Each structure stands twice: as C-alpha cells, then as structure tokens.
Amino acid sequence: MIWGLTALIFLAMLGAAWAVYNLLFAGQAARAAAIERRLSTLAPGDAVMEQAIQSYFRDRSYSTIPYLNRLLGHLPNISDLELLIHQAGSPCNLGTLVLMSGVLTSLGFLGGLLESGLTTGLILAVGCGVLPLMWLRFLRKRRLAAFEEQFVEAVDLMARALRAGHSFGSGLKMASQELEDPVAEELARTFEDYSFGKGLDDALVDLTRRVGLQDVKFFATAVALQREIGGNLTEILDNIGHITRARFSLLRQVKALSAEGRISAYILCLMAPGLLGALWFLSPNYLGILFEHPMGKTLLIVGGCFQGLGILVIRKLINLKV
C-alpha cells in the first residue's frame with residue numbers, strides 16, 4: 001500500500017513538472033521551431049552542405065588513437081611528415097606511419113641482437129625504421145610525376161574554358177571534373193577552398209604548398225600577377241603550357257642521351273651486393289667467417305657504409321633536372 005501510494009505521488013509530481021514546463025516554455029519552443037523551419041527553407045541542399053562541411057572541417061587528426069594523437073600534436077616540425085604523406089597520396093595517417101616505423105625498428109633491433117649482437121641490432125633497427133619513409137618517398141615521386149604530366153592538360157583545359165567565356169573558377173572546376181587523379185584531386189580541393197570563402201590567391205598558395213612543383217609555382221604566380229596588374233590570362237596559360245611541354249621534351253632528350261651513363265651507374269650500385277649474394281649462394285663456408293668473426297663484421301659495416309655513400313653520390317650525379 002505504501003509503495004503504491006509513493007509511486008502515485010511520484011508520477012503526479014512528474015506530471016505537474018511537465019505541465020509547468022509546457023506552460024512556461026511553450027511559446028519559446030514554438031518560436032524556436034518556427035525559426036528552424038525558416039532556416040531550413042533558406043539553407044542549401046544536403047549535397048552542398050556536405051561539400052562545404054568537408055571543405056571546412058577536414059580531418060586534422062594525426063591518429064585514431066587519442067593518446068597518440070595528442071602526443072604527435074606536441075611534436076615539433078610535424079608538418080613536414082604530414083606534407084610527405086599528403087604528397088604520397090595519403091596511403092596512411094601519421095599515427096599509422098609512426099606505429100609502422102616503431103614496429104619495424106623493434107623487430108630489426110631484436111632480430112639483429114639475437115643473431116649477431118648489439119651493433120648489428122642497432123644497424124638493422126635504423127634500416128628497418130626508415131623503410132616506411134622510403135616507401136612514402138617512392139609513392140610521392142610517382143604521384144608527383146603523374147601530376148606533372150597531367151598538369152599541362154589542366155592548364156590547357158583552363159585556357160580553353162577562359163577562351164569560351166567561362167570564369168577562372170569555372171575553368172578550375174571543369175579541369176577537376178574532366179581530368180584524372182592526382183591533378184583532379186588537388187584542383188578539386190583548390191576549387192572547394194575558393195568556393196567556400198578562401199581567396200583565390202590563398203587557395204593557389206595552398207595548392208603550391210601541397211604539391212611543391214615548379215610548374216605549379218609558375219602557374220600560381222602568373223594568375224596572382226594577372227589579378228593584380230591585369231592582362232590576358234588565356235594567353236598567359238597558353239604560354240605556360242607551351243613552356244612546360246618544351247621542358248618535358250628537353251628532359252626526355254637528355255634522358256635518352258644519358259641512358260648509357262645511368263645504366264653504368266645502376267650496374268656499379270648493384271655489383272657489390274650481387275657479388276656478395278652470388279658468393280654466399282655458391283660457397284657459404286667461404287663467406288661464413290665474414291659474418292662470424294668480429295673483424296669480418298666490422299668490414300661488412302664499413303663496406304655497407306661506403307656502398308651507401310657511393311649510391312647517394314651516383315644518384316645525385318644522374319638526377320637530371322631541366
């Protein structure tokens with residue numbers, strides 16, 4: 001009896017509180033609902049809103065792990081690694097890169113420590129730890145080479161759009177829709193920044209920072225100067241496309257003439273590791289002392305260091321830029 005009476009009193013108090021709330025705040029709720037309906041009629045469509053939200057609120061996190069994300073946020077010069085990941089096509093985030101490097105470093109150190117000792121463990125730890133960075137640098141080189149090839153077509157397409165009477169923003173959007181990645185991805189992001197409030201000069205500066213190619217710097221500088229002092233932008237874009245094509249043609253001629261030297265460089269780089277592998281396969285006992293004796297381990301380390309230095313010097317010599 002007492003429990004039933006308590007429940008009735010509790011329900012009556014809830015009902016009274018609900019009635020008082022409706023009496024005091026019913027007008028305010030009605031006004032808020034009317035304002036919300038009014039704003040919904042004036043707001044753009046869902047697709048436009050979603051595009052705007054993606055443009056302004058891009059994922060800025062370094063990792064999906066909260067502790068690692070906070071830790072990476074306090075590290076200095078982290079923007080260089082972020083730029084490397086972006087230029088490589090964003091195959092992973094920064095947290096994944098750090099975890100991959102940490103795992104490979106630990107595996108290399110433990111494997112070398114158990115197999116040969118502390119020195120070998122440290123060498124393998126460093127070598128395995130930089131493998132993710134080397135992978136990203138390879139992806140960046142391939143992606144930027146593809147961007148450089150496609151950017152000439154993008155400049156020509158924007159010049160044709162301007163000649164047909166479209167604005168520069170429309171030409172930028174057409175190039176991002178008609179061409180393929182990676183140039184379409186970068187131009188689409190630039191057009192989104194420009195469409196949702198960022199100035200055209202700032203959007204082009206961000207494009208230059210993200211890509212870092214000389215042709216893009218020329219393009220952004222030409223557009224910024226044309227906006228400041230005037231001129232025929234269509235003719236400027238045509239000249240940029242012509243100069244870029246001439247540079248590509250000259251670079252291909254230089255590569256063709258220097259093919260013999262580059263092949264000789266590759267042979268020199270692969271000769272020592274190839275000879276070591278062949279001797280190990282043909283006569284393992286002959287090279288066994290090289291890996292077991294302390295003097296042999298020292299010679300291997302010194303030889304590997306000189307081999308790496310030689311590869312860097314040869315790569316610098318055959319890296320032709322026009």
# chains A, B, ... in the order shown; residues from 1 in each chain; ligands from 1
$ residues_around --residues "Gly108 in chain A" --least-positions-apart "6" --cutoff "9 Å" --atoms "only C-alpha atoms" --output "mmCIF file with N, CA and C atoms, in the first residue's frame"
data_model
loop_
_atom_site.group_PDB
_atom_site.id
_atom_site.type_symbol
_atom_site.label_atom_id
_atom_site.label_comp_id
_atom_site.auth_asym_id
_atom_site.auth_seq_id
_atom_site.Cartn_x
_atom_site.Cartn_y
_atom_site.Cartn_z
ATOM 1 N N GLY A 121 72.155 -5.183 -34.247
ATOM 2 C CA GLY A 121 70.785 -4.829 -33.889
ATOM 3 C C GLY A 121 70.483 -3.368 -34.123
ATOM 4 N N LEU A 122 71.432 -2.500 -33.763
ATOM 5 C CA LEU A 122 71.226 -1.065 -33.984
ATOM 6 C C LEU A 122 71.181 -0.736 -35.477
ATOM 7 N N ILE A 123 72.058 -1.366 -36.266
ATOM 8 C CA ILE A 123 72.069 -1.105 -37.710
ATOM 9 C C ILE A 123 70.760 -1.555 -38.340
ATOM 10 N N LEU A 124 70.298 -2.763 -37.974
ATOM 11 C CA LEU A 124 69.035 -3.258 -38.527
ATOM 12 C C LEU A 124 67.844 -2.426 -38.041
ATOM 13 N N ALA A 125 67.924 -1.918 -36.815
ATOM 14 C CA ALA A 125 66.834 -1.083 -36.300
ATOM 15 C C ALA A 125 66.699 0.191 -37.123
ATOM 16 N N VAL A 126 67.841 0.835 -37.411
ATOM 17 C CA VAL A 126 67.800 2.055 -38.219
ATOM 18 C C VAL A 126 67.331 1.745 -39.644
ATOM 19 N N GLY A 127 67.866 0.654 -40.223
ATOM 20 C CA GLY A 127 67.491 0.308 -41.595
ATOM 21 C C GLY A 127 66.022 -0.039 -41.733
ATOM 22 N N CYS A 128 65.487 -0.808 -40.774
ATOM 23 C CA CYS A 128 64.065 -1.169 -40.842
ATOM 24 C C CYS A 128 63.167 0.016 -40.498
ATOM 25 N N GLY A 129 63.645 0.899 -39.622
ATOM 26 C CA GLY A 129 62.810 2.038 -39.220
ATOM 27 C C GLY A 129 62.564 3.043 -40.322
#
$ residues_around --residues "Arg160 in chain A" --least-positions-apart "6" --cutoff "10 Å" --atoms "only C-alpha atoms" --output "list in words"
Ala154, His166, Gly171, Thr234, Leu237 and Asp238 of chain A
$ closest_residue --among "A:Arg262, A:Arg247, A:Arg227, A:Arg210" --to "Val152 in chain A" --atoms "only C-alpha atoms"
A:Arg247
$ closest_residue --among "A:Lys316, A:Gly197, A:Phe151, A:Ala246" --to "Lys217 in chain A" --atoms "only C-alpha atoms"
A:Phe151
$ residues_around --residues "Cys269 in chain A" --least-positions-apart "6" --cutoff "10 Å" --atoms "only C-alpha atoms" --output "ChimeraX atom specification"
/A:263,307-308,310-312,314-315
$ residues_around --residues "range 205-208 of chain A" --least-positions-apart "6" --cutoff "8 Å" --atoms "only C-alpha atoms" --output "PDB file with N, CA and C atoms, in the first residue's frame"
ATOM      1  N   GLU A 186      43.730  17.512 -56.474  1.00  0.00           N
ATOM      2  CA  GLU A 186      44.302  18.758 -55.973  1.00  0.00           C
ATOM      3  C   GLU A 186      43.526  19.968 -56.482  1.00  0.00           C
ATOM      4  N   LEU A 187      43.133  19.960 -57.750  1.00  0.00           N
ATOM      5  CA  LEU A 187      42.371  21.093 -58.276  1.00  0.00           C
ATOM      6  C   LEU A 187      40.977  21.156 -57.656  1.00  0.00           C
ATOM      7  N   THR A 190      41.387  22.788 -54.349  1.00  0.00           N
ATOM      8  CA  THR A 190      41.601  24.226 -54.533  1.00  0.00           C
ATOM      9  C   THR A 190      40.290  24.933 -54.865  1.00  0.00           C
ATOM     10  N   VAL A 216      53.668  24.384 -60.972  1.00  0.00           N
ATOM     11  CA  VAL A 216      52.532  24.903 -60.207  1.00  0.00           C
ATOM     12  C   VAL A 216      52.861  26.271 -59.621  1.00  0.00           C
ATOM     13  N   LYS A 217      54.106  26.481 -59.213  1.00  0.00           N
ATOM     14  CA  LYS A 217      54.510  27.793 -58.706  1.00  0.00           C
ATOM     15  C   LYS A 217      54.418  28.851 -59.802  1.00  0.00           C
ATOM     16  N   ALA A 220      50.624  29.565 -60.320  1.00  0.00           N
ATOM     17  CA  ALA A 220      50.024  30.381 -59.263  1.00  0.00           C
ATOM     18  C   ALA A 220      50.534  31.824 -59.316  1.00  0.00           C
TER      19      ALA A 220
END
$ residues_around --residues "range 222-226 of chain A" --least-positions-apart "4" --cutoff "10 Å" --atoms "only C-alpha atoms" --output "NGL selection string"
:A and (168 or 200-202 or 204-205 or 216-218 or 230-233 or 236-237 or 240)
$ write_last_selection --atoms "C-alpha atoms" --output "short mmCIF file (atom, residue, chain, number, x, y, z; two decimals), in the first residue's frame"
data_model
loop_
_atom_site.label_atom_id
_atom_site.label_comp_id
_atom_site.auth_asym_id
_atom_site.auth_seq_id
_atom_site.Cartn_x
_atom_site.Cartn_y
_atom_site.Cartn_z
CA PHE A 168 38.67 31.13 -63.92
CA LEU A 200 41.86 32.74 -54.88
CA ASP A 201 45.44 33.79 -54.14
CA ASP A 202 45.39 31.94 -50.81
CA LEU A 204 46.60 28.83 -55.08
CA VAL A 205 49.28 29.32 -52.42
CA VAL A 216 52.53 24.90 -60.21
CA LYS A 217 54.51 27.79 -58.71
CA PHE A 218 54.73 29.44 -62.14
CA GLY A 230 45.66 42.77 -65.46
CA GLY A 231 46.45 41.14 -68.79
CA ASN A 232 45.26 38.31 -70.99
CA LEU A 233 45.09 35.28 -68.70
CA ILE A 236 49.46 33.52 -70.16
CA LEU A 237 48.13 29.99 -69.61
CA ILE A 240 52.83 28.25 -69.54
#
$ decode --residues "range 262-294 of chain A" --atoms "N, CA and C atoms" --output "PDB file, in the first residue's frame"
ATOM      1  N   ARG A 262      73.538   6.213 -67.028  1.00  0.00           N
ATOM      2  CA  ARG A 262      72.670   5.800 -65.928  1.00  0.00           C
ATOM      3  C   ARG A 262      72.676   4.283 -65.757  1.00  0.00           C
ATOM      4  N   ILE A 263      72.711   3.538 -66.866  1.00  0.00           N
ATOM      5  CA  ILE A 263      72.793   2.080 -66.758  1.00  0.00           C
ATOM      6  C   ILE A 263      74.117   1.665 -66.104  1.00  0.00           C
ATOM      7  N   SER A 264      75.209   2.336 -66.471  1.00  0.00           N
ATOM      8  CA  SER A 264      76.503   2.061 -65.825  1.00  0.00           C
ATOM      9  C   SER A 264      76.438   2.345 -64.330  1.00  0.00           C
ATOM     10  N   ALA A 265      75.744   3.401 -63.959  1.00  0.00           N
ATOM     11  CA  ALA A 265      75.601   3.717 -62.535  1.00  0.00           C
ATOM     12  C   ALA A 265      74.819   2.631 -61.805  1.00  0.00           C
ATOM     13  N   TYR A 266      73.738   2.147 -62.406  1.00  0.00           N
ATOM     14  CA  TYR A 266      72.968   1.071 -61.777  1.00  0.00           C
ATOM     15  C   TYR A 266      73.805  -0.196 -61.623  1.00  0.00           C
ATOM     16  N   ILE A 267      74.614  -0.516 -62.629  1.00  0.00           N
ATOM     17  CA  ILE A 267      75.465  -1.702 -62.551  1.00  0.00           C
ATOM     18  C   ILE A 267      76.475  -1.564 -61.420  1.00  0.00           C
ATOM     19  N   LEU A 268      77.080  -0.369 -61.286  1.00  0.00           N
ATOM     20  CA  LEU A 268      78.041  -0.147 -60.206  1.00  0.00           C
ATOM     21  C   LEU A 268      77.375  -0.261 -58.835  1.00  0.00           C
ATOM     22  N   CYS A 269      76.152   0.202 -58.729  1.00  0.00           N
ATOM     23  CA  CYS A 269      75.456   0.137 -57.444  1.00  0.00           C
ATOM     24  C   CYS A 269      75.098  -1.298 -57.065  1.00  0.00           C
ATOM     25  N   LEU A 270      74.768  -2.124 -58.043  1.00  0.00           N
ATOM     26  CA  LEU A 270      74.332  -3.488 -57.768  1.00  0.00           C
ATOM     27  C   LEU A 270      75.462  -4.501 -57.794  1.00  0.00           C
ATOM     28  N   MET A 271      76.655  -4.100 -58.206  1.00  0.00           N
ATOM     29  CA  MET A 271      77.741  -5.073 -58.379  1.00  0.00           C
ATOM     30  C   MET A 271      78.170  -5.687 -57.049  1.00  0.00           C
ATOM     31  N   ALA A 272      78.435  -4.851 -56.048  1.00  0.00           N
ATOM     32  CA  ALA A 272      78.917  -5.374 -54.774  1.00  0.00           C
ATOM     33  C   ALA A 272      77.869  -6.244 -54.062  1.00  0.00           C
ATOM     34  N   PRO A 273      76.616  -5.800 -53.897  1.00  0.00           N
ATOM     35  CA  PRO A 273      75.624  -6.694 -53.280  1.00  0.00           C
ATOM     36  C   PRO A 273      75.373  -7.953 -54.099  1.00  0.00           C
ATOM     37  N   GLY A 274      75.372  -7.824 -55.430  1.00  0.00           N
ATOM     38  CA  GLY A 274      75.169  -9.016 -56.260  1.00  0.00           C
ATOM     39  C   GLY A 274      76.298 -10.018 -56.133  1.00  0.00           C
ATOM     40  N   LEU A 275      77.542  -9.529 -56.083  1.00  0.00           N
ATOM     41  CA  LEU A 275      78.696 -10.420 -55.919  1.00  0.00           C
ATOM     42  C   LEU A 275      78.664 -11.103 -54.553  1.00  0.00           C
ATOM     43  N   LEU A 276      78.289 -10.354 -53.520  1.00  0.00           N
ATOM     44  CA  LEU A 276      78.183 -10.948 -52.184  1.00  0.00           C
ATOM     45  C   LEU A 276      77.119 -12.041 -52.147  1.00  0.00           C
ATOM     46  N   GLY A 277      75.964 -11.774 -52.762  1.00  0.00           N
ATOM     47  CA  GLY A 277      74.921 -12.790 -52.791  1.00  0.00           C
ATOM     48  C   GLY A 277      75.311 -14.019 -53.591  1.00  0.00           C
ATOM     49  N   ALA A 278      76.015 -13.817 -54.709  1.00  0.00           N
ATOM     50  CA  ALA A 278      76.441 -14.957 -55.522  1.00  0.00           C
ATOM     51  C   ALA A 278      77.447 -15.825 -54.781  1.00  0.00           C
ATOM     52  N   LEU A 279      78.427 -15.204 -54.103  1.00  0.00           N
ATOM     53  CA  LEU A 279      79.409 -15.975 -53.339  1.00  0.00           C
ATOM     54  C   LEU A 279      78.760 -16.706 -52.171  1.00  0.00           C
ATOM     55  N   TRP A 280      77.790 -16.055 -51.538  1.00  0.00           N
ATOM     56  CA  TRP A 280      77.088 -16.726 -50.432  1.00  0.00           C
ATOM     57  C   TRP A 280      76.284 -17.921 -50.929  1.00  0.00           C
ATOM     58  N   PHE A 281      75.721 -17.834 -52.104  1.00  0.00           N
ATOM     59  CA  PHE A 281      74.948 -18.946 -52.651  1.00  0.00           C
ATOM     60  C   PHE A 281      75.854 -20.076 -53.143  1.00  0.00           C
ATOM     61  N   LEU A 282      76.997 -19.730 -53.764  1.00  0.00           N
ATOM     62  CA  LEU A 282      77.881 -20.750 -54.319  1.00  0.00           C
ATOM     63  C   LEU A 282      78.766 -21.388 -53.256  1.00  0.00           C
ATOM     64  N   SER A 283      79.249 -20.609 -52.302  1.00  0.00           N
ATOM     65  CA  SER A 283      80.162 -21.141 -51.293  1.00  0.00           C
ATOM     66  C   SER A 283      79.880 -20.475 -49.947  1.00  0.00           C
ATOM     67  N   PRO A 284      78.888 -20.977 -49.223  1.00  0.00           N
ATOM     68  CA  PRO A 284      78.556 -20.350 -47.927  1.00  0.00           C
ATOM     69  C   PRO A 284      79.689 -20.454 -46.917  1.00  0.00           C
ATOM     70  N   ASN A 285      80.426 -21.545 -46.944  1.00  0.00           N
ATOM     71  CA  ASN A 285      81.508 -21.700 -45.968  1.00  0.00           C
ATOM     72  C   ASN A 285      82.631 -20.688 -46.192  1.00  0.00           C
ATOM     73  N   TYR A 286      82.800 -20.278 -47.429  1.00  0.00           N
ATOM     74  CA  TYR A 286      83.865 -19.330 -47.744  1.00  0.00           C
ATOM     75  C   TYR A 286      83.603 -17.967 -47.107  1.00  0.00           C
ATOM     76  N   LEU A 287      82.326 -17.567 -47.069  1.00  0.00           N
ATOM     77  CA  LEU A 287      81.973 -16.263 -46.504  1.00  0.00           C
ATOM     78  C   LEU A 287      81.499 -16.355 -45.063  1.00  0.00           C
ATOM     79  N   GLY A 288      81.470 -17.570 -44.499  1.00  0.00           N
ATOM     80  CA  GLY A 288      80.952 -17.701 -43.141  1.00  0.00           C
ATOM     81  C   GLY A 288      81.754 -16.926 -42.125  1.00  0.00           C
ATOM     82  N   ILE A 289      83.084 -16.934 -42.272  1.00  0.00           N
ATOM     83  CA  ILE A 289      83.923 -16.223 -41.309  1.00  0.00           C
ATOM     84  C   ILE A 289      83.701 -14.707 -41.362  1.00  0.00           C
ATOM     85  N   LEU A 290      83.238 -14.222 -42.515  1.00  0.00           N
ATOM     86  CA  LEU A 290      82.979 -12.785 -42.644  1.00  0.00           C
ATOM     87  C   LEU A 290      81.830 -12.342 -41.746  1.00  0.00           C
ATOM     88  N   PHE A 291      80.895 -13.246 -41.500  1.00  0.00           N
ATOM     89  CA  PHE A 291      79.740 -12.914 -40.661  1.00  0.00           C
ATOM     90  C   PHE A 291      79.934 -13.349 -39.204  1.00  0.00           C
ATOM     91  N   GLU A 292      80.930 -14.173 -38.955  1.00  0.00           N
ATOM     92  CA  GLU A 292      81.122 -14.696 -37.602  1.00  0.00           C
ATOM     93  C   GLU A 292      82.261 -14.012 -36.866  1.00  0.00           C
ATOM     94  N   HIS A 293      83.340 -13.699 -37.542  1.00  0.00           N
ATOM     95  CA  HIS A 293      84.495 -13.079 -36.892  1.00  0.00           C
ATOM     96  C   HIS A 293      84.211 -11.582 -36.663  1.00  0.00           C
ATOM     97  N   PRO A 294      84.674 -11.033 -35.521  1.00  0.00           N
ATOM     98  CA  PRO A 294      84.453  -9.594 -35.263  1.00  0.00           C
ATOM     99  C   PRO A 294      85.056  -8.689 -36.334  1.00  0.00           C
TER     100      PRO A 294
END
